[in-house]
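*Asks:* What follows is structure-v3.cif; its format and atoms are mmCIF, C-alpha atoms.
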data_work
loop_
_atom_site.label_atom_id
_atom_site.label_comp_id
_atom_site.auth_asym_id
_atom_site.auth_seq_id
_atom_site.Cartn_x
_atom_site.Cartn_y
_atom_site.Cartn_z
CA MET J 21 -81.18 13.02 -5.25
CA GLU J 22 -78.44 10.80 -3.92
CA GLN J 23 -76.02 13.71 -3.64
CA ALA J 24 -78.50 15.85 -1.70
CA VAL J 25 -79.24 13.03 0.75
CA ALA J 26 -75.55 12.22 1.20
CA GLU J 27 -74.76 15.86 2.05
CA CYS J 28 -77.65 15.99 4.53
CA VAL J 29 -76.80 12.73 6.30
CA GLY J 30 -73.09 13.46 6.35
CA LEU J 31 -73.48 16.90 7.92
CA LEU J 32 -76.18 16.06 10.47
CA GLY J 33 -74.56 12.74 11.33
CA ALA J 34 -71.89 14.62 13.27
CA VAL J 35 -74.43 16.11 15.72
CA THR J 36 -76.86 13.26 16.43
CA GLU J 37 -76.05 13.30 20.16
CA GLY J 38 -77.67 16.72 20.57
CA ASP J 39 -81.21 17.48 21.72
CA TRP J 40 -83.05 17.82 18.41
CA GLU J 41 -86.50 17.79 20.01
CA GLY J 42 -85.72 20.77 22.20
CA VAL J 43 -84.64 23.06 19.36
CA ARG J 44 -86.84 24.82 16.82
CA ALA J 45 -85.84 24.29 13.18
CA GLY J 46 -85.13 27.73 11.78
CA ARG J 47 -88.30 29.63 10.93
CA LEU J 48 -90.50 26.52 11.09
CA ASP J 49 -92.93 25.68 13.87
CA TRP J 50 -91.40 22.18 14.07
CA ASP J 51 -88.42 21.15 16.14
CA CYS J 52 -85.32 19.74 14.47
CA ARG J 53 -86.30 16.12 15.12
CA ARG J 54 -89.77 16.55 13.61
CA THR J 55 -88.24 18.31 10.60
CA ALA J 56 -85.82 15.44 10.00
CA VAL J 57 -88.67 12.93 10.13
CA HIS J 58 -90.59 15.13 7.67
CA ILE J 59 -87.73 14.83 5.16
CA ALA J 60 -88.05 11.05 5.24
CA GLU J 61 -91.86 11.30 4.97
CA ASP J 62 -91.62 13.42 1.84
CA LEU J 63 -89.05 11.18 0.19
CA ILE J 64 -91.03 8.00 0.69
CA ALA J 65 -94.26 9.73 -0.36
CA TYR J 66 -92.68 10.88 -3.63
CA ALA J 67 -91.19 7.44 -4.22
CA GLY J 68 -94.63 5.90 -3.72
CA GLN J 69 -96.28 8.34 -6.11
CA LEU J 70 -93.82 7.75 -8.91
CA ALA J 71 -93.31 4.01 -8.46
CA GLY J 72 -97.04 3.39 -8.10
CA ARG J 73 -97.92 5.70 -11.02
CA GLU J 74 -100.56 7.32 -8.79
CA GLN J 75 -102.89 9.48 -10.88
CA ASP J 76 -105.76 10.73 -8.72
CA GLY J 77 -104.22 11.49 -5.33
CA TYR J 78 -101.60 10.46 -2.83
CA ALA J 79 -101.08 6.77 -2.11
CA PRO J 80 -102.85 6.15 1.25
CA PHE J 81 -99.94 5.32 3.52
CA GLU J 82 -97.69 7.15 5.96
CA LEU J 83 -94.29 6.65 7.52
CA SER J 84 -93.89 6.09 11.26
CA MET J 85 -90.79 5.65 13.38
CA GLU J 86 -90.40 2.85 15.93
CA GLU J 87 -90.28 3.80 19.58
CA ASP J 88 -86.92 4.91 20.96
CA THR J 89 -85.64 5.75 17.47
CA GLY J 90 -82.65 8.03 17.94
CA ASN J 91 -81.51 10.92 15.79
CA ALA J 92 -78.94 8.72 14.06
CA ASP J 93 -81.70 6.25 13.19
CA VAL J 94 -83.79 9.03 11.66
CA LEU J 95 -80.85 9.84 9.40
CA ARG J 96 -80.67 6.16 8.44
CA VAL J 97 -84.31 6.36 7.40
CA ILE J 98 -83.61 9.51 5.37
CA GLY J 99 -80.85 7.59 3.60
CA THR J 100 -83.16 4.66 2.92
CA THR J 101 -86.13 6.70 1.69
CA GLY J 102 -83.79 8.80 -0.42
CA ALA J 103 -82.44 5.63 -2.04
CA LEU J 104 -85.99 4.46 -2.74
CA LEU J 105 -86.90 7.75 -4.40
CA ALA J 106 -83.68 7.69 -6.43
CA ALA J 107 -84.51 4.16 -7.60
CA ALA J 108 -88.05 5.17 -8.56
CA ILE J 109 -86.68 8.11 -10.54
CA ARG J 110 -84.01 6.01 -12.23
CA THR J 111 -86.45 3.29 -13.34
CA ALA J 112 -89.40 5.50 -14.39
CA PRO J 113 -89.69 5.99 -18.17
CA ARG J 114 -89.34 9.58 -19.35
CA HIS J 115 -93.03 9.96 -20.24
CA VAL J 116 -94.42 8.72 -16.89
CA ARG J 117 -96.22 11.26 -14.73
CA ALA J 118 -97.80 10.83 -11.32
CA PHE J 119 -100.06 12.90 -9.14
CA HIS J 120 -98.84 15.99 -7.35
CA PRO J 121 -101.39 18.70 -6.55
CA TYR J 122 -99.56 21.86 -7.56
CA PRO J 123 -100.02 23.43 -9.95
CA PHE J 124 -101.18 21.08 -12.73
CA ARG J 125 -101.82 17.88 -10.73
CA SER J 126 -98.88 15.88 -12.08
CA ALA J 127 -95.10 15.70 -12.27
CA ASN J 128 -92.60 13.65 -14.26
CA ARG J 129 -89.46 11.99 -12.96
CA GLU J 130 -87.45 15.22 -13.16
CA GLY J 131 -90.18 17.01 -11.25
CA PHE J 132 -90.17 14.42 -8.47
CA ALA J 133 -86.38 14.51 -8.37
CA ALA J 134 -86.42 18.29 -8.02
CA MET J 135 -89.13 18.15 -5.35
CA GLY J 136 -87.19 15.53 -3.42
CA VAL J 137 -83.97 17.51 -3.65
CA ILE J 138 -85.56 20.76 -2.49
CA GLU J 139 -87.18 19.08 0.51
CA VAL J 140 -83.76 17.79 1.55
CA LEU J 141 -81.96 21.08 0.94
CA LEU J 142 -84.46 23.36 2.63
CA HIS J 143 -85.12 21.23 5.68
CA THR J 144 -81.43 20.48 6.18
CA HIS J 145 -81.01 24.25 6.16
CA ASP J 146 -83.82 24.63 8.71
CA ILE J 147 -82.30 22.02 11.03
CA CYS J 148 -78.84 23.57 10.71
CA GLU J 149 -80.25 26.99 11.59
CA GLY J 150 -81.73 25.51 14.74
CA LEU J 151 -78.59 23.66 15.71
CA GLY J 152 -76.24 26.52 14.86
CA LEU J 153 -74.51 24.72 11.99
CA SER J 154 -73.21 26.19 8.76
CA TYR J 155 -74.72 24.65 5.61
CA GLU J 156 -74.51 25.47 1.93
CA PRO J 157 -75.36 22.73 -0.57
CA ALA J 158 -73.56 22.21 -3.85
CA PRO J 159 -74.53 24.91 -6.38
CA GLU J 160 -75.48 22.32 -8.99
CA LEU J 161 -78.17 20.93 -6.68
CA CYS J 162 -79.75 24.37 -6.27
CA ASP J 163 -79.52 25.04 -10.00
CA PHE J 164 -81.14 21.66 -10.71
CA VAL J 165 -84.13 22.66 -8.60
CA LEU J 166 -84.42 26.25 -9.85
CA THR J 167 -84.34 25.35 -13.55
CA ARG J 168 -86.96 22.61 -13.21
CA ILE J 169 -89.59 23.67 -10.68
CA PHE J 170 -88.96 27.40 -10.26
CA PRO J 171 -89.20 28.55 -13.90
CA HIS J 172 -90.95 31.74 -12.78
CA VAL J 173 -88.04 32.83 -10.55
CA GLN J 174 -85.39 35.00 -12.15
CA PRO J 175 -81.89 33.62 -11.54
CA GLY J 176 -79.83 35.50 -8.97
CA PRO J 177 -76.06 35.97 -8.75
CA THR J 178 -75.66 32.55 -7.09
CA PRO J 179 -78.21 29.72 -6.87
CA TRP J 180 -78.34 28.96 -3.11
CA PRO J 181 -79.31 32.48 -1.94
CA THR J 182 -81.77 32.63 -4.83
CA LEU J 183 -83.39 29.38 -3.72
CA LEU J 184 -83.57 30.55 -0.11
CA TRP J 185 -85.21 33.80 -1.22
CA ALA J 186 -87.63 31.96 -3.53
CA THR J 187 -88.78 29.83 -0.59
CA GLY J 188 -89.18 32.62 1.94
CA ARG J 189 -85.99 31.80 3.83
CA GLY J 190 -83.67 34.63 2.94
CA ASP J 191 -83.18 38.06 1.44
CA LEU J 192 -81.90 38.87 -2.03
CA ALA J 193 -80.66 42.29 -3.04
CA GLY J 194 -83.20 44.20 -5.09
CA ARG J 195 -86.08 41.81 -4.38
CA ALA J 196 -88.85 42.11 -1.83
CA PRO J 197 -89.02 39.32 0.76
CA LEU J 198 -91.49 36.51 0.05
CA THR J 199 -94.07 35.33 2.56
CA GLU J 200 -95.83 32.91 0.19
CA TRP J 201 -94.31 30.69 -2.47
CA ARG J 202 -94.96 27.65 -4.63
CA TRP J 203 -92.93 25.57 -6.98
CA ASN J 204 -94.19 24.92 -10.49
CA ASN J 205 -94.02 21.58 -12.32
CA ASN J 206 -94.33 21.73 -16.08
CA LEU J 207 -97.73 21.68 -17.76
CA VAL J 208 -98.62 18.74 -20.02
CA LEU J 209 -101.60 18.74 -22.40
CA ASP J 210 -103.03 15.81 -24.34
CA THR J 211 -104.52 15.83 -27.82
CA GLU J 212 -105.84 12.86 -29.78
CA ARG J 213 -102.38 11.67 -30.84
CA LEU J 214 -99.93 13.96 -29.06
CA THR J 215 -98.68 15.01 -25.67
CA LEU J 216 -97.68 18.66 -25.45
CA GLU J 217 -94.97 18.87 -22.81
CA GLY J 218 -94.08 22.22 -21.30
CA VAL J 219 -90.38 23.04 -21.66
CA THR J 220 -88.52 23.88 -18.45
CA PRO J 221 -85.60 26.35 -18.39
CA ALA J 222 -83.28 23.35 -18.03
CA ALA J 223 -84.65 21.74 -21.21
CA ALA J 224 -84.70 25.10 -23.00
CA THR J 225 -81.01 25.64 -22.25
CA ASP J 226 -80.17 22.28 -23.79
CA LEU J 227 -82.48 22.66 -26.78
CA SER J 228 -81.24 26.16 -27.60
CA THR J 229 -77.73 24.86 -28.26
CA VAL J 230 -77.03 21.36 -29.62
CA GLY J 231 -78.94 19.16 -27.15
CA ASP J 232 -82.20 17.24 -27.40
CA GLY J 233 -83.78 18.73 -24.26
CA GLY J 234 -84.26 15.26 -22.83
CA PHE J 235 -86.58 14.18 -25.65
CA GLU J 236 -86.16 11.41 -28.22
CA TRP J 237 -86.65 13.08 -31.59
CA ILE J 238 -87.58 11.64 -34.94
CA GLU J 239 -84.85 11.85 -37.55
CA GLY J 240 -84.00 15.44 -38.41
CA GLY J 241 -85.06 16.96 -35.12
CA PRO J 242 -84.98 19.27 -33.36
CA VAL J 243 -85.12 21.84 -36.15
CA GLU J 244 -83.79 25.39 -36.09
CA GLY J 245 -87.14 26.98 -35.26
CA THR J 246 -87.38 24.84 -32.14
CA ARG J 247 -83.90 25.88 -31.05
CA VAL J 248 -84.72 29.55 -31.59
CA GLY J 249 -87.93 29.19 -29.59
CA ALA J 250 -86.05 27.46 -26.77
CA GLY J 251 -83.55 30.30 -26.73
CA LEU J 252 -86.43 32.74 -26.30
CA VAL J 253 -87.73 30.73 -23.34
CA TYR J 254 -84.36 30.78 -21.63
CA LYS J 255 -83.90 34.51 -22.31
CA GLN J 256 -87.27 35.18 -20.66
CA TYR J 257 -86.23 33.01 -17.71
CA GLU J 258 -83.02 35.00 -17.32
CA ASP J 259 -85.00 38.25 -17.50
CA GLY J 260 -87.56 37.07 -14.96
CA THR J 261 -90.44 37.36 -17.44
CA HIS J 262 -90.99 33.67 -18.18
CA ARG J 263 -94.42 32.33 -17.23
CA PRO J 264 -94.62 28.56 -17.82
CA GLU J 265 -98.16 28.43 -19.25
CA TRP J 266 -97.13 30.98 -21.88
CA GLY J 267 -93.92 29.24 -22.85
CA MET J 268 -92.96 26.51 -25.28
CA TYR J 269 -94.24 22.95 -25.62
CA VAL J 270 -92.57 20.00 -27.32
CA LEU J 271 -94.97 17.88 -29.38
CA VAL J 272 -94.51 14.21 -28.51
CA ARG J 273 -96.24 11.45 -30.48
CA ARG J 274 -97.84 9.14 -27.94
CA GLU J 275 -97.66 5.98 -30.05
CA ASP J 276 -93.86 5.88 -29.88
CA GLY J 277 -92.81 8.69 -27.51
CA ARG J 278 -90.89 10.53 -30.24
CA ALA J 279 -90.73 14.31 -30.39
CA LEU J 280 -91.93 15.85 -33.65
CA GLY J 281 -91.55 19.58 -33.16
CA ALA J 282 -92.47 22.45 -30.87
CA MET J 283 -95.19 25.02 -30.44
CA GLY J 284 -95.51 27.87 -28.02
CA PHE J 285 -96.28 31.44 -27.16
CA HIS J 286 -93.90 34.35 -27.60
CA GLY J 287 -94.75 35.67 -24.15
CA VAL J 288 -97.61 36.52 -21.86
CA PRO J 289 -100.76 38.17 -23.26
CA ASP J 290 -100.46 41.92 -23.83
CA ALA J 291 -102.70 44.63 -22.40
CA ALA J 292 -105.19 44.14 -25.23
CA GLY J 293 -105.54 40.43 -24.47
CA ARG J 294 -103.50 39.27 -27.46
CA VAL J 295 -100.96 36.46 -27.31
CA GLU J 296 -98.77 35.34 -30.22
CA ILE J 297 -98.13 31.70 -31.04
CA GLY J 298 -95.55 30.01 -33.25
CA TYR J 299 -94.60 26.46 -34.20
CA ASP J 300 -92.24 24.26 -36.16
CA LEU J 301 -92.24 20.58 -37.10
CA VAL J 302 -89.50 18.22 -38.17
CA GLU J 303 -89.90 17.64 -41.90
CA GLY J 304 -90.75 13.95 -41.49
CA ALA J 305 -93.74 14.84 -39.31
CA ARG J 306 -95.32 17.33 -41.69
CA GLY J 307 -98.45 16.60 -43.63
CA HIS J 308 -100.11 14.44 -40.97
CA GLY J 309 -102.19 17.08 -39.18
CA TYR J 310 -100.03 17.16 -36.04
CA ALA J 311 -99.53 20.92 -36.08
CA THR J 312 -103.25 21.56 -36.60
CA GLU J 313 -104.10 19.21 -33.73
CA ALA J 314 -101.67 20.90 -31.36
CA LEU J 315 -102.63 24.40 -32.47
CA ARG J 316 -106.31 23.79 -31.81
CA THR J 317 -105.55 22.57 -28.29
CA LEU J 318 -103.13 25.32 -27.30
CA SER J 319 -105.13 28.17 -28.80
CA ALA J 320 -108.40 26.93 -27.28
CA ARG J 321 -106.75 26.71 -23.86
CA ALA J 322 -105.30 30.19 -24.24
CA LEU J 323 -108.70 31.68 -25.04
CA LYS J 324 -110.11 30.20 -21.83
CA ARG J 325 -107.57 32.09 -19.71
CA ASP J 326 -108.73 35.28 -18.02
CA GLY J 327 -108.10 38.38 -20.08
CA VAL J 328 -107.15 36.59 -23.32
CA ARG J 329 -109.20 37.64 -26.32
CA THR J 330 -107.04 36.88 -29.35
CA VAL J 331 -104.40 34.36 -30.41
CA LEU J 332 -102.19 35.80 -33.14
CA ALA J 333 -99.85 34.06 -35.59
CA ASN J 334 -97.51 35.59 -38.17
CA VAL J 335 -96.22 33.53 -41.11
CA GLU J 336 -94.07 34.15 -44.13
CA ARG J 337 -95.99 34.85 -47.31
CA GLY J 338 -94.46 31.87 -49.09
CA ASN J 339 -95.17 29.38 -46.31
CA LEU J 340 -98.36 27.84 -47.68
CA PRO J 341 -98.32 24.72 -45.43
CA SER J 342 -98.26 26.90 -42.32
CA GLN J 343 -101.04 29.09 -43.70
CA ASN J 344 -103.13 25.97 -44.28
CA VAL J 345 -102.51 24.82 -40.70
CA LEU J 346 -103.84 28.12 -39.39
CA ALA J 347 -106.89 27.99 -41.63
CA ARG J 348 -107.72 24.43 -40.55
CA ALA J 349 -107.39 25.49 -36.91
CA GLY J 350 -109.98 28.23 -37.43
CA PHE J 351 -107.70 31.26 -37.72
CA ILE J 352 -108.68 34.03 -40.11
CA GLN J 353 -106.34 36.35 -41.99
CA VAL J 354 -106.11 39.95 -40.78
CA PRO J 355 -103.99 42.96 -41.82
CA ALA J 356 -100.35 42.41 -40.87
CA GLU J 357 -98.13 44.97 -39.17
CA ASP J 358 -95.10 43.64 -41.05
CA PRO J 359 -95.59 43.81 -44.85
CA GLU J 360 -93.33 40.79 -45.35
CA LEU J 361 -95.62 38.57 -43.24
CA LEU J 362 -99.21 37.41 -43.21
CA ALA J 363 -101.14 37.72 -39.93
CA TYR J 364 -103.84 35.38 -38.68
CA GLU J 365 -106.06 35.60 -35.61
CA LEU J 366 -108.31 33.34 -33.60
CA ARG J 367 -110.69 35.25 -31.31
CA GLU J 368 -112.60 34.23 -28.22
CA PRO J 369 -116.14 33.03 -29.02
CA ARG J 370 -118.78 35.71 -28.53
CA GLU J 371 -122.08 34.98 -26.85
CA GLY J 372 -125.35 35.68 -28.54
#
Starting from the coordinates I provided, produce the structure as structure tokens.
*Replies:*
Amino acid sequence: MEQAVAECVGLLGAVTEGDWEGVRAGRLDWDCRRTAVHIAEDLIAYAGQLAGREQDGYAPFELSMEEDTGNADVLRVIGTTGALLAAAIRTAPRHVRAFHPYPFRSANREGFAAMGVIEVLLHTHDICEGLGLSYEPAPELCDFVLTRIFPHVQPGPTPWPTLLWATGRGDLAGRAPLTEWRWNNNLVLDTERLTLEGVTPAAATDLSTVGDGGFEWIEGGPVEGTRVGAGLVYKQYEDGTHRPEWGMYVLVRREDGRALGAMGFHGVPDAAGRVEIGYDLVEGARGHGYATEALRTLSARALKRDGVRTVLANVERGNLPSQNVLARAGFIQVPAEDPELLAYELREPREG
């Protein structure tokens, strides 16, 4: 956040004597001055959401500039509001979420950081287009945004052109231009004792190697199955087939904020309306009903999605605890395609 704001203020600070109000900002309907003010408005709005832990809507305030505020003063305000958002991000606990309307009505501190960064990057780009300046932000800033709030966008050769394409501001070889776009904060689901937190490509990259994905795990975690599942998420992201709702979720115990394991889908539902689910728990968390609790929530949500008729799970024949989890969650055994595995299904309820 601080780096993005510093790049913006540093670049535009050299041209504050120009007529920003008389120049349109790139493809926007706003002029360059209005666009710069909008950056500050977004940053303070996000800071207010996160610091105030707003849950049901936006905090009811707005930013206004004093009369005779010059372009240099607007940049000062961008610096100040950026610092406030950075402070809110830095001091917010990892589990805190606040209201943002799209797509799941909340975002965590990483989500607000990514949203703040993209507002700065894109609108600095718009202003520079209007003023005839050259601008290309640091690649790590673009990658930070793409791997956190654009999980549905396949990575391109370099992150800045990919981000411009993903936001309707540029062309990318082999991809049709976009006229509509949205970012995508991760989905979080609550059960009686757990929070199921959707794993972003950034977290999946870390989890698939030797990292913790940004979670505090109980002793022994994350286990190998979680790392394999995270690797699958990142592979789908690289291939452009990842769809966040049908990805992986880390199971976090609400009483202490510790991660216990992971559960998720192997991909989007197939043409027959079937979607496969898998899971793994750290050994110290087994035997307490956590997997059953999470499985009931995720499978029930899946069956409410359009076109989904069946949730499928395959387990090893010798894995009796996992078979018991499926049975307690309402799954029934069906013939398996792989003779070395047992297959279980949960079907959509039928009327009548």
*Asks:* Going by the chain IDs and residue numbers used in this file, which residues fall under the PyMOL selection byres ((chain J and resi 199-203) around 6)? Write them as a ChimeraX atom specification.
*Replies:* /J:169-170,187-188,198,204
*Asks:* Save the residues we just selected, C-alpha atoms, as an mmCIF file, in the frame of the given file?
*Replies:*
data_model
loop_
_atom_site.group_PDB
_atom_site.id
_atom_site.type_symbol
_atom_site.label_atom_id
_atom_site.label_comp_id
_atom_site.auth_asym_id
_atom_site.auth_seq_id
_atom_site.Cartn_x
_atom_site.Cartn_y
_atom_site.Cartn_z
ATOM 1 C CA ILE J 169 -89.590 23.670 -10.680
ATOM 2 C CA PHE J 170 -88.960 27.400 -10.260
ATOM 3 C CA THR J 187 -88.780 29.830 -0.590
ATOM 4 C CA GLY J 188 -89.180 32.620 1.940
ATOM 5 C CA LEU J 198 -91.490 36.510 0.050
ATOM 6 C CA ASN J 204 -94.190 24.920 -10.490
#
*Asks:* So how far away is CA of Tyr78 (chain J) from CA of Thr317 (chain J), in Å?
*Replies:*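 Computing it gives 28.5 Å between the two atoms.
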*Asks:* Selection in question (the file shown): the PyMOL selection byres ((chain J and resi 62) around 12). Which residues does it include, as number ranges by chain?
*Replies:* J: 55-61, 63-69, 78, 81-83, 97-98, 101-102, 104-105, 120, 132-133, 135-140, 143
*Asks:* Pull C-alpha atoms from the residues just selected and write them as a short mmCIF file (atom, residue, chain, number, x, y, z; two decimals), keeping the file's coordinate frame.
*Replies:*
data_model
loop_
_atom_site.label_atom_id
_atom_site.label_comp_id
_atom_site.auth_asym_id
_atom_site.auth_seq_id
_atom_site.Cartn_x
_atom_site.Cartn_y
_atom_site.Cartn_z
CA THR J 55 -88.24 18.31 10.60
CA ALA J 56 -85.82 15.44 10.00
CA VAL J 57 -88.67 12.93 10.13
CA HIS J 58 -90.59 15.13 7.67
CA ILE J 59 -87.73 14.83 5.16
CA ALA J 60 -88.05 11.05 5.24
CA GLU J 61 -91.86 11.30 4.97
CA LEU J 63 -89.05 11.18 0.19
CA ILE J 64 -91.03 8.00 0.69
CA ALA J 65 -94.26 9.73 -0.36
CA TYR J 66 -92.68 10.88 -3.63
CA ALA J 67 -91.19 7.44 -4.22
CA GLY J 68 -94.63 5.90 -3.72
CA GLN J 69 -96.28 8.34 -6.11
CA TYR J 78 -101.60 10.46 -2.83
CA PHE J 81 -99.94 5.32 3.52
CA GLU J 82 -97.69 7.15 5.96
CA LEU J 83 -94.29 6.65 7.52
CA VAL J 97 -84.31 6.36 7.40
CA ILE J 98 -83.61 9.51 5.37
CA THR J 101 -86.13 6.70 1.69
CA GLY J 102 -83.79 8.80 -0.42
CA LEU J 104 -85.99 4.46 -2.74
CA LEU J 105 -86.90 7.75 -4.40
CA HIS J 120 -98.84 15.99 -7.35
CA PHE J 132 -90.17 14.42 -8.47
CA ALA J 133 -86.38 14.51 -8.37
CA MET J 135 -89.13 18.15 -5.35
CA GLY J 136 -87.19 15.53 -3.42
CA VAL J 137 -83.97 17.51 -3.65
CA ILE J 138 -85.56 20.76 -2.49
CA GLU J 139 -87.18 19.08 0.51
CA VAL J 140 -83.76 17.79 1.55
CA HIS J 143 -85.12 21.23 5.68
#
*Asks:* Which residue out of J:His172, J:Val243, J:Leu315, J:Gly218 has the minimum interatomic distance to Gln256 (chain J) when all atoms listed in the file are used?
*Replies:* J:His172
*Asks:* Do a neighbour search on region 357-364 of chain J at 6 Å with only C-alpha atoms, toss out local chain neighbours closer than 6 positions, and write the hits as a ChimeraX atom specification.
*Replies:* /J:332-337,351
*Asks:* When distances are computed from all atoms listed in the file, which of J:Arg247, J:Arg316, J:Arg294, J:His286 shows the smallest separation from Leu216 (chain J)?
*Replies:*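 Among J:Arg247, J:Arg316, J:Arg294, J:His286, it is J:Arg316 that comes nearest to Leu216 (chain J).
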*Asks:* Let me know the residues the PyMOL selection byres ((chain J and resi 268) around 8) catches in the file above, as a ChimeraX atom specification.
*Replies:* /J:218-219,249-250,253,264,266-267,269-270,282-285
*Asks:* Might you pull out every residue within 10 Å of Glu244 (chain J), with only C-alpha atoms counted and same-chain residues fewer than 4 positions away left off, and present them as a PDB file with C-alpha atoms, keeping the file's coordinate frame?
*Replies:*
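Here's the written file result.pdb:
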ATOM      1  CA  LEU J 227     -82.480  22.660 -26.780  1.00  0.00           C
ATOM      2  CA  SER J 228     -81.240  26.160 -27.600  1.00  0.00           C
ATOM      3  CA  THR J 229     -77.730  24.860 -28.260  1.00  0.00           C
ATOM      4  CA  VAL J 248     -84.720  29.550 -31.590  1.00  0.00           C
ATOM      5  CA  GLY J 249     -87.930  29.190 -29.590  1.00  0.00           C
ATOM      6  CA  ALA J 250     -86.050  27.460 -26.770  1.00  0.00           C
ATOM      7  CA  ASP J 300     -92.240  24.260 -36.160  1.00  0.00           C
ATOM      8  CA  LEU J 301     -92.240  20.580 -37.100  1.00  0.00           C
ATOM      9  CA  VAL J 302     -89.500  18.220 -38.170  1.00  0.00           C
TER      10      VAL J 302
END
*Asks:* Could you list as a list in words every residue that has an atom within 12 Å of (-88.1, 27.8, 15.7), using the file's coordinates and counting all atoms listed in the file?
*Replies:*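 Nearby residues: Trp40, Glu41, Gly42, Val43, Arg44, Ala45, Gly46, Arg47, Leu48, Asp49, Trp50, Asp51, Cys52, Arg53, Arg54, Thr55, Asp146, Ile147, Cys148, Glu149, Gly150, Leu151 and Gly152 of chain J.
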*Asks:* Residues at most 12 Å from Glu130 (chain J), counting all atoms listed in the file, excluding those fewer than 3 positions away in the same chain, as a PyMOL selection string?
*Replies:* chain J and resi 21+66+70+105-106+108-118+126-127+133-137+164-169+205-206+219-220+222-223+234
*Asks:* What separation in Å, quoted to one decimal, exists between CA of Val208 (chain J) and CA of Ala24 (chain J)?
*Replies:*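 A separation of 27.4 Å between them.
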*Asks:* Hey, can you check how far CA of Asp191 (chain J) sits from CA of Pro121 (chain J)?
*Replies:*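 Pair CA of Asp191 (chain J) / CA of Pro121 (chain J) returns 27.8 Å.
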*Asks:* Between J:Leu280, J:Ala322, J:Val328, J:Ala186, which is the closest to Ala292 (chain J) once you count all atoms listed in the file?
*Replies:*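 Of J:Leu280, J:Ala322, J:Val328, J:Ala186, the one nearest Ala292 (chain J), counting all atoms listed in the file, is J:Val328.
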*Asks:* I'd like the contact shell of Pro175 (chain J) - 8 Å cut-off, all atoms listed in the file, skipping same-chain residues fewer than 6 positions apart - returned as an NGL selection string.
*Replies:* :J and (166 or 182 or 257-258 or 260)
*Asks:* If the box runs along x, y and z of the file and leaves 4 Å on each side of region 341-354 of chain J, what are its centre and edge lengths in Å, one decimal, as AutoDock Vina command-line options?
*Replies:*
--center_x -104.1 --center_y 32.2 --center_z -41.2 --size_x 19.7 --size_y 23.5 --size_z 16.5
*Asks:* Can you tell me which residues surround Leu271 (chain J) at a distance of at most 10 Å, considering only C-alpha atoms, apart from same-chain residues fewer than 4 positions away, and format the answer as a ChimeraX atom specification?
*Replies:* /J:209-211,213-218,235,237,277-283,299-301,310-311,314
*Asks:* Of the residues J:Leu153, J:Val354, J:His145, J:Ala92, which is the one nearest to Arg189 (chain J), using all atoms listed in the file?
*Replies:*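 Ranking J:Leu153, J:Val354, J:His145, J:Ala92 by distance to Arg189 (chain J), first place goes to J:His145.
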